[in-house]
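J.: My structure is in data12.txt, and what it holds is compact mmCIF, C-alpha atoms and all ligand atoms:
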```
# COMPACT_ATOMS: atom_id res chain seq x y z
CA MET A 9 -12.43 16.25 22.10
CA ILE A 10 -15.47 14.29 23.16
CA LYS A 11 -18.78 16.17 22.91
CA PRO A 12 -20.77 15.38 26.06
CA GLU A 13 -24.07 15.93 24.25
CA ALA A 14 -23.23 13.16 21.74
CA TRP A 15 -23.73 10.34 24.27
CA LYS A 16 -26.92 8.30 23.96
CA ILE A 17 -27.82 5.66 26.52
CA HIS A 18 -29.65 2.48 25.55
CA ASN A 19 -31.07 0.14 28.14
CA PRO A 20 -30.05 2.34 31.09
CA SER A 21 -30.89 -0.37 33.62
CA GLY A 22 -28.39 -2.87 32.17
CA SER A 23 -25.79 -3.95 34.70
CA ARG A 24 -22.86 -4.24 32.25
CA ARG A 25 -21.48 -0.98 30.90
CA VAL A 26 -20.70 -1.30 27.21
CA LEU A 27 -19.14 1.52 25.27
CA ALA A 28 -19.93 1.93 21.57
CA THR A 29 -17.66 4.54 20.06
CA LYS A 30 -19.87 4.95 16.97
CA ARG A 31 -23.48 4.28 15.99
CA LEU A 32 -23.55 1.00 14.04
CA VAL A 33 -25.98 0.08 11.26
CA GLY A 34 -29.47 -1.18 12.08
CA GLU A 35 -31.09 -1.72 15.48
CA ARG A 36 -30.59 -5.43 16.12
CA TRP A 37 -27.18 -4.94 17.71
CA LEU A 38 -28.76 -2.73 20.39
CA GLU A 39 -31.52 -5.27 20.99
CA VAL A 40 -28.98 -8.09 21.40
CA LEU A 41 -26.93 -6.10 23.89
CA ALA A 42 -30.01 -5.05 25.86
CA ALA A 43 -31.24 -8.67 25.96
CA PHE A 44 -27.99 -9.63 27.69
CA ASP A 45 -28.12 -6.99 30.37
CA CYS A 46 -25.85 -4.42 28.76
CA ARG A 47 -26.27 -0.70 29.24
CA VAL A 48 -24.97 0.70 25.98
CA GLU A 49 -23.29 4.10 26.06
CA LEU A 50 -23.21 5.13 22.45
CA TYR A 51 -21.21 8.06 21.09
CA ASP A 52 -23.56 9.30 18.40
CA ALA A 53 -21.30 11.67 16.46
CA GLU A 54 -18.77 11.36 13.68
CA ASP A 55 -15.58 12.63 15.31
CA MET A 56 -12.82 10.06 15.51
CA PHE A 57 -11.53 8.62 18.75
CA GLY A 58 -7.80 8.76 19.44
CA GLU A 59 -6.05 7.59 22.62
CA ALA A 60 -7.31 10.49 24.76
CA GLU A 61 -10.93 10.08 23.68
CA LEU A 62 -10.87 6.32 24.27
CA ILE A 63 -9.44 6.76 27.74
CA GLU A 64 -11.99 9.45 28.59
CA ALA A 65 -14.83 7.28 27.27
CA ILE A 66 -13.66 4.17 29.14
CA GLY A 67 -13.71 6.10 32.41
CA ASP A 68 -13.46 4.22 35.72
CA GLN A 69 -15.71 1.33 34.91
CA CYS A 70 -16.35 -0.36 31.59
CA ASP A 71 -17.09 -4.02 30.86
CA GLY A 72 -16.92 -4.09 27.10
CA ALA A 73 -16.29 -1.91 24.08
CA LEU A 74 -17.55 -1.99 20.52
CA GLY A 75 -14.63 -0.34 18.77
CA GLN A 76 -13.76 0.87 15.30
CA LEU A 77 -10.85 -0.05 13.03
CA ASN A 78 -9.34 3.43 13.16
CA GLU A 79 -9.01 3.60 16.94
CA PRO A 80 -5.67 2.98 18.66
CA TRP A 81 -6.35 0.13 21.05
CA ASN A 82 -2.68 0.08 22.07
CA GLU A 83 -1.00 -0.97 25.29
CA HIS A 84 -1.70 2.33 27.01
CA VAL A 85 -5.42 2.27 26.22
CA LEU A 86 -5.78 -1.45 26.93
CA THR A 87 -4.12 -1.05 30.33
CA ARG A 88 -6.65 1.63 31.26
CA PHE A 89 -9.45 -0.51 29.86
CA SER A 90 -8.35 -3.49 31.93
CA ALA A 91 -8.09 -1.34 35.07
CA ALA A 92 -11.69 -0.22 34.44
CA GLY A 93 -12.77 -3.88 34.39
CA GLY A 94 -12.78 -4.19 30.57
CA LYS A 95 -13.17 -7.78 29.37
CA VAL A 96 -13.80 -7.51 25.64
CA ILE A 97 -12.94 -5.33 22.65
CA SER A 98 -15.43 -6.24 19.99
CA SER A 99 -14.19 -4.63 16.81
CA TYR A 100 -16.60 -3.61 14.06
CA ALA A 101 -14.22 -4.87 11.36
CA VAL A 102 -12.43 -7.95 10.21
CA GLY A 103 -8.95 -6.36 10.25
CA VAL A 104 -7.69 -5.82 13.79
CA ASN A 105 -4.24 -4.35 13.16
CA ASN A 106 -5.26 -1.36 15.32
CA ILE A 107 -5.51 -3.60 18.41
CA ASP A 108 -2.47 -4.84 20.31
CA LEU A 109 -3.59 -8.45 20.40
CA GLY A 110 -0.60 -9.69 22.40
CA CYS A 111 -1.16 -7.07 25.08
CA ALA A 112 -4.91 -7.76 25.19
CA SER A 113 -4.22 -11.47 25.72
CA ARG A 114 -1.73 -10.75 28.50
CA LEU A 115 -4.35 -8.59 30.21
CA GLY A 116 -7.03 -11.26 29.75
CA ILE A 117 -9.08 -9.09 27.38
CA ALA A 118 -10.98 -10.91 24.65
CA VAL A 119 -10.61 -9.50 21.12
CA CYS A 120 -13.37 -10.23 18.61
CA ASN A 121 -13.97 -9.30 14.98
CA THR A 122 -16.61 -9.70 12.27
CA PRO A 123 -15.32 -12.01 9.51
CA GLY A 124 -17.43 -13.67 6.84
CA VAL A 125 -20.31 -11.23 6.64
CA LEU A 126 -18.30 -8.63 4.73
CA THR A 127 -16.69 -10.98 2.22
CA GLU A 128 -19.02 -10.28 -0.70
CA ALA A 129 -19.28 -6.54 -0.03
CA THR A 130 -15.52 -6.07 0.09
CA ALA A 131 -14.92 -8.29 -2.94
CA GLU A 132 -17.55 -6.32 -4.88
CA LEU A 133 -15.87 -3.03 -3.98
CA ALA A 134 -12.45 -4.39 -5.01
CA LEU A 135 -13.95 -5.42 -8.36
CA ALA A 136 -15.63 -2.02 -8.73
CA LEU A 137 -12.23 -0.38 -8.26
CA VAL A 138 -10.62 -2.66 -10.85
CA PHE A 139 -13.18 -1.66 -13.47
CA ALA A 140 -13.41 1.98 -12.40
CA ALA A 141 -9.64 2.35 -12.68
CA ILE A 142 -8.98 0.42 -15.86
CA ARG A 143 -12.03 1.86 -17.70
CA ARG A 144 -11.45 5.38 -16.35
CA ILE A 145 -14.95 5.66 -14.90
CA ALA A 146 -14.21 8.43 -12.40
CA GLU A 147 -12.27 10.39 -14.99
CA GLY A 148 -15.15 10.02 -17.45
CA ASP A 149 -17.64 11.12 -14.81
CA ARG A 150 -15.65 14.30 -14.14
CA TYR A 151 -15.40 14.91 -17.89
CA MET A 152 -19.17 14.68 -18.27
CA ARG A 153 -19.92 16.92 -15.31
CA GLU A 154 -17.52 19.53 -16.64
CA GLY A 155 -19.52 19.62 -19.88
CA ARG A 156 -16.54 18.51 -21.95
CA PHE A 157 -18.30 15.69 -23.83
CA LEU A 158 -18.80 16.97 -27.39
CA GLY A 159 -19.62 13.60 -28.94
CA TRP A 160 -18.33 10.10 -29.57
CA LEU A 161 -14.67 10.00 -30.55
CA PRO A 162 -12.57 6.98 -31.56
CA GLN A 163 -9.86 7.67 -29.01
CA LEU A 164 -11.88 9.09 -26.15
CA MET A 165 -11.03 7.58 -22.74
CA LEU A 166 -9.32 4.46 -24.01
CA GLY A 167 -8.85 1.85 -21.33
CA ARG A 168 -7.73 -1.79 -21.36
CA GLN A 169 -9.57 -5.12 -21.36
CA ILE A 170 -9.01 -7.69 -18.69
CA THR A 171 -10.56 -10.72 -20.37
CA GLY A 172 -8.08 -13.57 -20.66
CA ARG A 173 -5.37 -11.62 -18.85
CA THR A 174 -3.66 -12.35 -15.53
CA LEU A 175 -4.93 -11.53 -12.07
CA GLY A 176 -2.16 -11.19 -9.49
CA LEU A 177 -3.78 -11.73 -6.11
CA PHE A 178 -1.94 -10.88 -2.91
CA GLY A 179 -3.91 -12.57 -0.13
CA ALA A 180 -6.28 -15.42 -0.94
CA GLY A 181 -8.46 -15.37 2.16
CA ARG A 182 -12.24 -15.32 1.87
CA ILE A 183 -12.36 -11.95 0.11
CA GLY A 184 -9.46 -12.67 -2.22
CA GLN A 185 -10.95 -16.00 -3.22
CA THR A 186 -14.27 -14.32 -4.03
CA VAL A 187 -12.47 -11.84 -6.29
CA ALA A 188 -10.52 -14.66 -7.96
CA ARG A 189 -13.67 -16.72 -8.61
CA ALA A 190 -15.43 -13.70 -10.12
CA LEU A 191 -12.59 -12.73 -12.45
CA ALA A 192 -11.69 -16.29 -13.47
CA GLY A 193 -15.33 -17.22 -13.99
CA GLY A 194 -16.56 -13.97 -15.51
CA PHE A 195 -13.57 -13.01 -17.64
CA GLY A 196 -11.46 -16.16 -18.01
CA MET A 197 -8.57 -14.56 -16.13
CA ASP A 198 -5.54 -16.59 -15.17
CA VAL A 199 -5.09 -16.38 -11.41
CA LEU A 200 -1.63 -16.12 -9.93
CA TYR A 201 -1.88 -15.91 -6.17
CA PHE A 202 0.34 -15.39 -3.18
CA ASN A 203 -0.90 -16.69 0.14
CA PRO A 204 0.89 -18.22 3.12
CA HIS A 205 -1.01 -21.48 2.55
CA PRO A 206 -2.14 -23.11 -0.68
CA ARG A 207 -5.86 -22.84 -1.41
CA PRO A 208 -6.81 -26.23 -2.88
CA GLU A 209 -10.54 -25.35 -2.78
CA LEU A 210 -9.94 -22.29 -4.96
CA GLU A 211 -7.67 -24.23 -7.29
CA ALA A 212 -10.32 -26.94 -7.70
CA TYR A 213 -12.97 -24.32 -8.38
CA VAL A 214 -10.92 -22.65 -11.12
CA ALA A 215 -10.09 -26.05 -12.62
CA ASP A 216 -13.84 -26.75 -12.85
CA LEU A 217 -14.44 -23.32 -14.38
CA ALA A 218 -11.72 -24.05 -16.95
CA GLU A 219 -13.41 -27.29 -17.90
CA VAL A 220 -16.80 -25.58 -18.38
CA ALA A 221 -15.29 -22.60 -20.24
CA GLY A 222 -13.39 -24.93 -22.57
CA ARG A 223 -16.54 -26.89 -23.39
CA HIS A 224 -18.37 -23.67 -24.25
CA GLY A 225 -15.57 -22.07 -26.24
CA GLN A 226 -14.97 -19.30 -23.70
CA PRO A 227 -11.60 -17.97 -22.46
CA VAL A 228 -10.16 -20.70 -20.23
CA PRO A 229 -8.86 -19.55 -16.83
CA SER A 230 -5.96 -21.14 -14.98
CA ILE A 231 -4.61 -20.87 -11.45
CA ARG A 232 -1.19 -21.09 -9.88
CA ARG A 233 0.20 -20.23 -6.46
CA THR A 234 3.53 -18.48 -6.13
CA THR A 235 5.74 -18.11 -3.08
CA ASP A 236 7.50 -15.09 -4.58
CA PRO A 237 5.42 -11.87 -4.36
CA ASP A 238 7.56 -10.30 -7.11
CA GLU A 239 5.98 -12.70 -9.60
CA LEU A 240 2.60 -11.04 -9.07
CA PHE A 241 4.09 -7.69 -9.98
CA VAL A 242 5.82 -9.01 -13.07
CA HIS A 243 2.91 -11.01 -14.48
CA GLY A 244 -0.24 -9.31 -13.15
CA ASP A 245 -2.33 -7.22 -15.54
CA VAL A 246 -4.64 -6.69 -12.59
CA LEU A 247 -2.99 -6.77 -9.15
CA VAL A 248 -5.35 -6.87 -6.18
CA LEU A 249 -4.13 -6.54 -2.60
CA LEU A 250 -6.42 -8.23 -0.11
CA SER A 251 -4.23 -9.49 2.68
CA SER A 252 -4.69 -8.71 6.34
CA TYR A 253 -2.09 -6.23 7.59
CA SER A 254 1.00 -6.97 9.61
CA PRO A 255 4.08 -4.75 10.02
CA GLN A 256 6.04 -7.13 7.71
CA LEU A 257 3.78 -5.97 4.88
CA HIS A 258 4.61 -2.28 5.36
CA HIS A 259 5.42 -0.88 1.90
CA LEU A 260 5.10 -4.25 0.20
CA VAL A 261 4.38 -2.11 -2.85
CA ASP A 262 7.40 0.15 -3.17
CA ALA A 263 9.23 1.82 -6.07
CA ARG A 264 11.17 -1.37 -6.90
CA ARG A 265 8.09 -3.57 -7.14
CA LEU A 266 6.13 -0.92 -9.04
CA SER A 267 8.97 -0.83 -11.57
CA LEU A 268 8.41 -4.57 -12.18
CA MET A 269 4.81 -3.99 -13.24
CA LYS A 270 3.49 -3.86 -16.78
CA PRO A 271 3.08 -0.27 -18.00
CA ALA A 272 -0.70 -0.54 -18.34
CA ALA A 273 -1.42 -2.70 -15.31
CA VAL A 274 -4.01 -1.84 -12.67
CA LEU A 275 -3.28 -1.97 -8.95
CA VAL A 276 -6.12 -2.18 -6.41
CA ASN A 277 -5.75 -1.96 -2.66
CA ALA A 278 -8.63 -2.95 -0.39
CA SER A 279 -6.52 -4.26 2.49
CA ARG A 280 -4.75 -1.60 4.56
CA GLY A 281 -3.10 1.61 3.37
CA PRO A 282 0.48 1.16 4.63
CA VAL A 283 0.91 -1.86 2.33
CA ILE A 284 1.62 0.73 -0.39
CA ASP A 285 4.33 3.38 -0.30
CA GLU A 286 1.96 6.11 -1.46
CA ALA A 287 4.72 8.55 -2.46
CA ALA A 288 6.25 5.86 -4.70
CA LEU A 289 2.82 5.14 -6.18
CA ILE A 290 2.25 8.82 -7.00
CA ALA A 291 5.64 8.94 -8.74
CA HIS A 292 4.76 5.80 -10.71
CA LEU A 293 1.32 7.12 -11.71
CA THR A 294 3.02 10.30 -12.91
CA THR A 295 5.66 8.63 -15.05
CA HIS A 296 3.30 5.89 -16.30
CA PRO A 297 0.07 7.58 -17.45
CA GLU A 298 -1.30 4.27 -18.76
CA PHE A 299 -0.91 2.65 -15.34
CA THR A 300 -4.04 2.89 -13.17
CA ALA A 301 -4.84 2.34 -9.52
CA GLY A 302 -7.92 1.99 -7.33
CA LEU A 303 -7.49 2.67 -3.63
CA ASP A 304 -9.99 2.11 -0.85
CA VAL A 305 -7.42 2.50 1.93
CA PHE A 306 -4.62 5.01 2.47
CA GLU A 307 -1.19 5.05 4.02
CA PHE A 308 -1.98 7.89 6.46
CA GLU A 309 -5.74 7.48 6.47
CA PRO A 310 -7.73 9.72 6.45
CA ARG A 311 -4.99 12.07 5.14
CA LEU A 312 -3.92 11.65 1.54
CA VAL A 313 -0.32 12.05 0.51
CA GLU A 314 0.17 15.28 -1.42
CA GLY A 315 -0.14 14.81 -5.15
CA LEU A 316 -2.46 11.81 -5.07
CA THR A 317 -5.59 13.76 -5.95
CA ASP A 318 -3.76 15.44 -8.87
CA ARG A 319 -3.35 12.10 -10.64
CA PRO A 320 -6.20 11.36 -13.07
CA ASN A 321 -5.22 7.68 -13.29
CA VAL A 322 -6.16 6.77 -9.73
CA VAL A 323 -9.66 6.18 -8.36
CA LEU A 324 -10.16 6.87 -4.66
CA SER A 325 -12.86 5.59 -2.36
CA PRO A 326 -13.19 6.39 1.36
CA HIS A 327 -12.53 2.95 2.93
CA THR A 328 -15.97 1.64 2.00
CA GLY A 329 -15.06 -1.99 1.29
CA SER A 330 -17.69 -3.38 3.64
CA ALA A 331 -20.13 -0.50 3.23
CA THR A 332 -23.31 -2.24 2.10
CA LEU A 333 -26.45 -2.24 4.19
CA GLU A 334 -26.41 -6.04 4.33
CA SER A 335 -22.81 -6.33 5.39
CA ARG A 336 -22.73 -3.48 7.89
CA SER A 337 -25.93 -4.60 9.64
CA ASN A 338 -24.64 -8.16 9.92
CA MET A 339 -21.31 -6.85 11.20
CA ALA A 340 -23.24 -4.93 13.85
CA THR A 341 -25.10 -8.05 14.97
CA LEU A 342 -21.86 -10.03 15.12
CA ALA A 343 -20.15 -7.27 17.09
CA ALA A 344 -23.02 -7.28 19.60
CA LEU A 345 -23.02 -11.09 19.88
CA ASN A 346 -19.24 -11.07 20.34
CA CYS A 347 -19.55 -8.58 23.16
CA ALA A 348 -22.62 -10.03 24.90
CA GLY A 349 -21.26 -13.54 24.40
CA THR A 350 -17.84 -12.96 25.94
CA LEU A 351 -19.36 -11.09 28.88
CA SER A 352 -21.70 -14.07 29.36
CA ARG A 353 -18.84 -16.61 28.88
CA TRP A 354 -20.49 -18.38 25.96
CA PRO A 355 -18.20 -20.86 24.20
CA ALA A 356 -16.29 -19.58 21.19
CA ASN A 357 -17.67 -20.58 17.83
CA THR A 358 -15.48 -22.87 15.75
CA ALA A 359 -17.87 -24.43 13.27
CA VAL A 360 -20.95 -22.32 12.51
CA SER A 361 -20.77 -19.75 9.70
CA THR A 362 -20.77 -16.18 10.94
CA ASN A 363 -23.44 -15.39 8.33
CA GLU A 364 -25.71 -17.92 9.98
CA LEU A 365 -24.98 -16.53 13.44
CA ALA A 366 -25.71 -12.98 12.25
CA THR A 367 -28.95 -13.74 10.46
CA GLY A 368 -30.35 -16.93 12.00
CA PRO A 369 -31.98 -17.54 15.39
CA LEU A 370 -29.82 -16.56 18.34
CA ARG A 371 -27.20 -19.17 19.28
CA GLN A 372 -25.23 -18.78 22.48
CA LEU A 373 -21.83 -18.82 20.78
CA VAL A 374 -19.23 -16.07 20.59
CA PRO A 375 -19.08 -15.72 16.78
CA SER A 376 -15.42 -14.78 16.37
CA LEU A 377 -13.05 -14.68 19.33
CA LEU A 378 -9.51 -14.14 18.02
CA ASN A 379 -7.53 -14.90 21.16
CA ALA A 380 -9.61 -17.85 22.41
CA LYS A 381 -6.51 -20.06 22.62
CA GLU A 382 -4.44 -17.51 24.55
CA LEU A 383 -7.32 -16.97 26.98
CA ASP A 384 -7.97 -20.68 27.32
CA TRP A 385 -11.58 -20.01 26.35
CA PRO A 386 -14.00 -22.94 26.02
CA LEU A 387 -14.63 -23.83 22.37
CA ALA A 388 -17.84 -25.06 20.81
C1 LIG B 1 -12.37 -4.32 7.78
O1 LIG B 1 -13.38 -4.78 8.32
O2 LIG B 1 -11.25 -4.57 8.18
C2 LIG B 1 -12.57 -3.48 6.57
O3 LIG B 1 -11.45 -2.72 6.30
C3 LIG B 1 -13.83 -2.65 6.70
O4 LIG B 1 -14.18 -2.13 5.45
```
Before we go any further, please render this structure as structure tokens.
T.:
Amino acid sequence: MIKPEAWKIHNPSGSRRVLATKRLVGERWLEVLAAFDCRVELYDAEDMFGEAELIEAIGDQCDGALGQLNEPWNEHVLTRFSAAGGKVISSYAVGVNNIDLGCASRLGIAVCNTPGVLTEATAELALALVFAAIRRIAEGDRYMREGRFLGWLPQLMLGRQITGRTLGLFGAGRIGQTVARALAGGFGMDVLYFNPHPRPELEAYVADLAEVAGRHGQPVPSIRRTTDPDELFVHGDVLVLLSSYSPQLHHLVDARRLSLMKPAAVLVNASRGPVIDEAALIAHLTTHPEFTAGLDVFEFEPRLVEGLTDRPNVVLSPHTGSATLESRSNMATLAALNCAGTLSRWPANTAVSTNELATGPLRQLVPSLLNAKELDWPLA
């Protein structure tokens, strides 16, 4: 149910009606939209928008929408959006699995996202989950708060080391590559990765790291690509999931693949929840107390499958991969530029880094237009 009192209007005289279903971080995004003649209708409350709320908010006339990753921009909603004159869904996220891209393209609606500016933040969170899980940080924190710490003990909260072990990486896009560089460079981990395409730049980087590490007598990392995801499960001491989501990846991590994993491995998911069969994971965490997991995303987000919170060997975080001030404010600027830019028919960016577009002087380029080809959009 939409709360009428939650609406805030920015730049009321703007001639283009832009809907923002949540308040974004910082102020620059509002300034950008106002500078390009947008009247921003901002829903300034925390309740989530489902189909009914989106349709109500779109109303009879709406030029653009700044949407969130947990909103169902499906065929039904997009049809209503198009009928209201909607030309662009500018998503405040990199993952757009909540938007029916094919349908948007058929309706001539541009779909934009915010890649690049959240790479470091999301990689850092994935790394935080690796360490929090394997070194039992959340468990230790609860132990301390409960007043159970009576003094140093040889066997208290034993975890595992990752130095010199194997990282299994599912998805070697920007974020995955950042995680791989950190773990290979910082801890001499061998990287075994699965990605639709080889990543020669990452392979060259790890080869250089290996050469430096060898010269300095440090653990020497290696890298290899596999085309068989099972290999990651068999060999990974640390398995990090960082792919974008598609229905083919539903339950990639199921009971069979979990059974391939080493008993004391750590599994981290910072991609999308349905990649893991959460019930199978709970069963595995129960029967393998040395196995640990770190989850930032959930199969039925925001609901957790029953039993998950009873497991001490899993660390949970509320989908905060990109939640740094730097990343979220740059995402906001990109989302505004994507929206203002498509409404103004700026050419789609193909060469400039999104970081530069978010932080540098204003360039009249749509930072990231996903269906530029389908819409026959001019490219820059
Ligand atoms: C995204 O942008 O897709 C991330 O999940 C946000 O944290």
J.: 10 Å from ligand LIG 1 (chain B) is the threshold here; counting all atoms listed in the file, which polymer residues fall inside it? Answer as a PyMOL selection string.
T.: chain A and resi 76-78+99-106+121-127+129-130+133+250+252-253+278-281+304-305+326-332+335-336+339
J.: In terms of the shortest atom-to-atom distance over only C-alpha atoms, which of A:Val138, A:Ala359, A:Ala388, A:Ala301 is closest to Gln372 of chain A?
T.: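 When distances to Gln372 of chain A are compared using only C-alpha atoms, the smallest one comes from A:Ala388.
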J.: Distance cut-off 7 Å, centre (-2.0, -7.7, -8.8) in file coordinates, counting only C-alpha atoms: which residues qualify? Return them as a PyMOL selection string.
T.: chain A and resi 175-178+240-241+244-249+275
J.: Any chance you can output those residues with C-alpha atoms as a PDB file, in the coordinates of the input?
T.:
```pdb
ATOM      1  CA  LEU A 175      -4.930 -11.530 -12.070  1.00  0.00           C
ATOM      2  CA  GLY A 176      -2.160 -11.190  -9.490  1.00  0.00           C
ATOM      3  CA  LEU A 177      -3.780 -11.730  -6.110  1.00  0.00           C
ATOM      4  CA  PHE A 178      -1.940 -10.880  -2.910  1.00  0.00           C
ATOM      5  CA  LEU A 240       2.600 -11.040  -9.070  1.00  0.00           C
ATOM      6  CA  PHE A 241       4.090  -7.690  -9.980  1.00  0.00           C
ATOM      7  CA  GLY A 244      -0.240  -9.310 -13.150  1.00  0.00           C
ATOM      8  CA  ASP A 245      -2.330  -7.220 -15.540  1.00  0.00           C
ATOM      9  CA  VAL A 246      -4.640  -6.690 -12.590  1.00  0.00           C
ATOM     10  CA  LEU A 247      -2.990  -6.770  -9.150  1.00  0.00           C
ATOM     11  CA  VAL A 248      -5.350  -6.870  -6.180  1.00  0.00           C
ATOM     12  CA  LEU A 249      -4.130  -6.540  -2.600  1.00  0.00           C
ATOM     13  CA  LEU A 275      -3.280  -1.970  -8.950  1.00  0.00           C
TER      14      LEU A 275
END
```
J.: Suppose you want the space between atom CA of Tyr201 of chain A and atom CA of Ala188 of chain A; what is it in Å?
T.: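 According to the coordinates, atom CA of Tyr201 of chain A and atom CA of Ala188 of chain A are separated by 8.9 Å.
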J.: To one decimal in Å, tell me the separation between atom CA of Ala180 of chain A and atom CA of Val228 of chain A.
T.: 20.4 Å
J.: Which one of A:Leu365, A:Cys120, A:Leu378, A:Ala356 sits closest to Thr341 of chain A if you count only C-alpha atoms?
T.: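 The closest residue to Thr341 of chain A is A:Leu365.
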J.: Need the shell around Gln185 of chain A: protein/DNA/RNA residues with any atom at most 9 Å away, counting only C-alpha atoms. Skip same-chain ones fewer than 5 positions apart. Format as a PyMOL selection string?
T.: chain A and resi 131+177+179-180+190+207+210
J.: In Å, with one decimal, what is the gap from atom CA of Ser267 of chain A to atom CA of Val242 of chain A?
T.: 8.9 Å
J.: So that I can see what lies close to Thr358 of chain A, please list as a VMD selection string the residues with an atom at most 10 Å from it, counting only C-alpha atoms and leaving out residues fewer than 6 positions away in the same chain.
T.: chain A and resid 373 to 377 387 to 388
J.: Do a neighbour search on segment 48-63 of chain A at 8 Å with all atoms listed in the file, toss out local chain neighbours closer than 3 positions, and write the hits as a list in words.
T.: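 So the residues in contact are Met9, Ile10, Ala14, Trp15, Lys16, Ile17, His18, Asn19, Pro20, Gly22, Arg25, Val26, Leu27, Ala28, Thr29, Lys30, Arg31, Leu38, Leu41, Ala42, Ile66, Gly67, Asn78, Glu79, Pro80, Trp81, Val85, Arg88 and Phe89 of chain A.
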J.: Calculated over all atoms listed in the file, which of the candidates A:Gly159, A:Pro282, A:Pro355, A:Gly196 has the smallest distance to Gly225 of chain A?
T.: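 Checking each candidate against Gly225 of chain A, we get A:Gly196 as the closest.
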J.: Could you check the closest approach to Ile117 of chain A for each of A:Val199, A:Val360, A:Leu161, A:Leu351 and tell me which residue wins, using all atoms listed in the file?
T.: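 Once distances to Ile117 of chain A are computed over all atoms listed in the file, the minimum belongs to A:Leu351.
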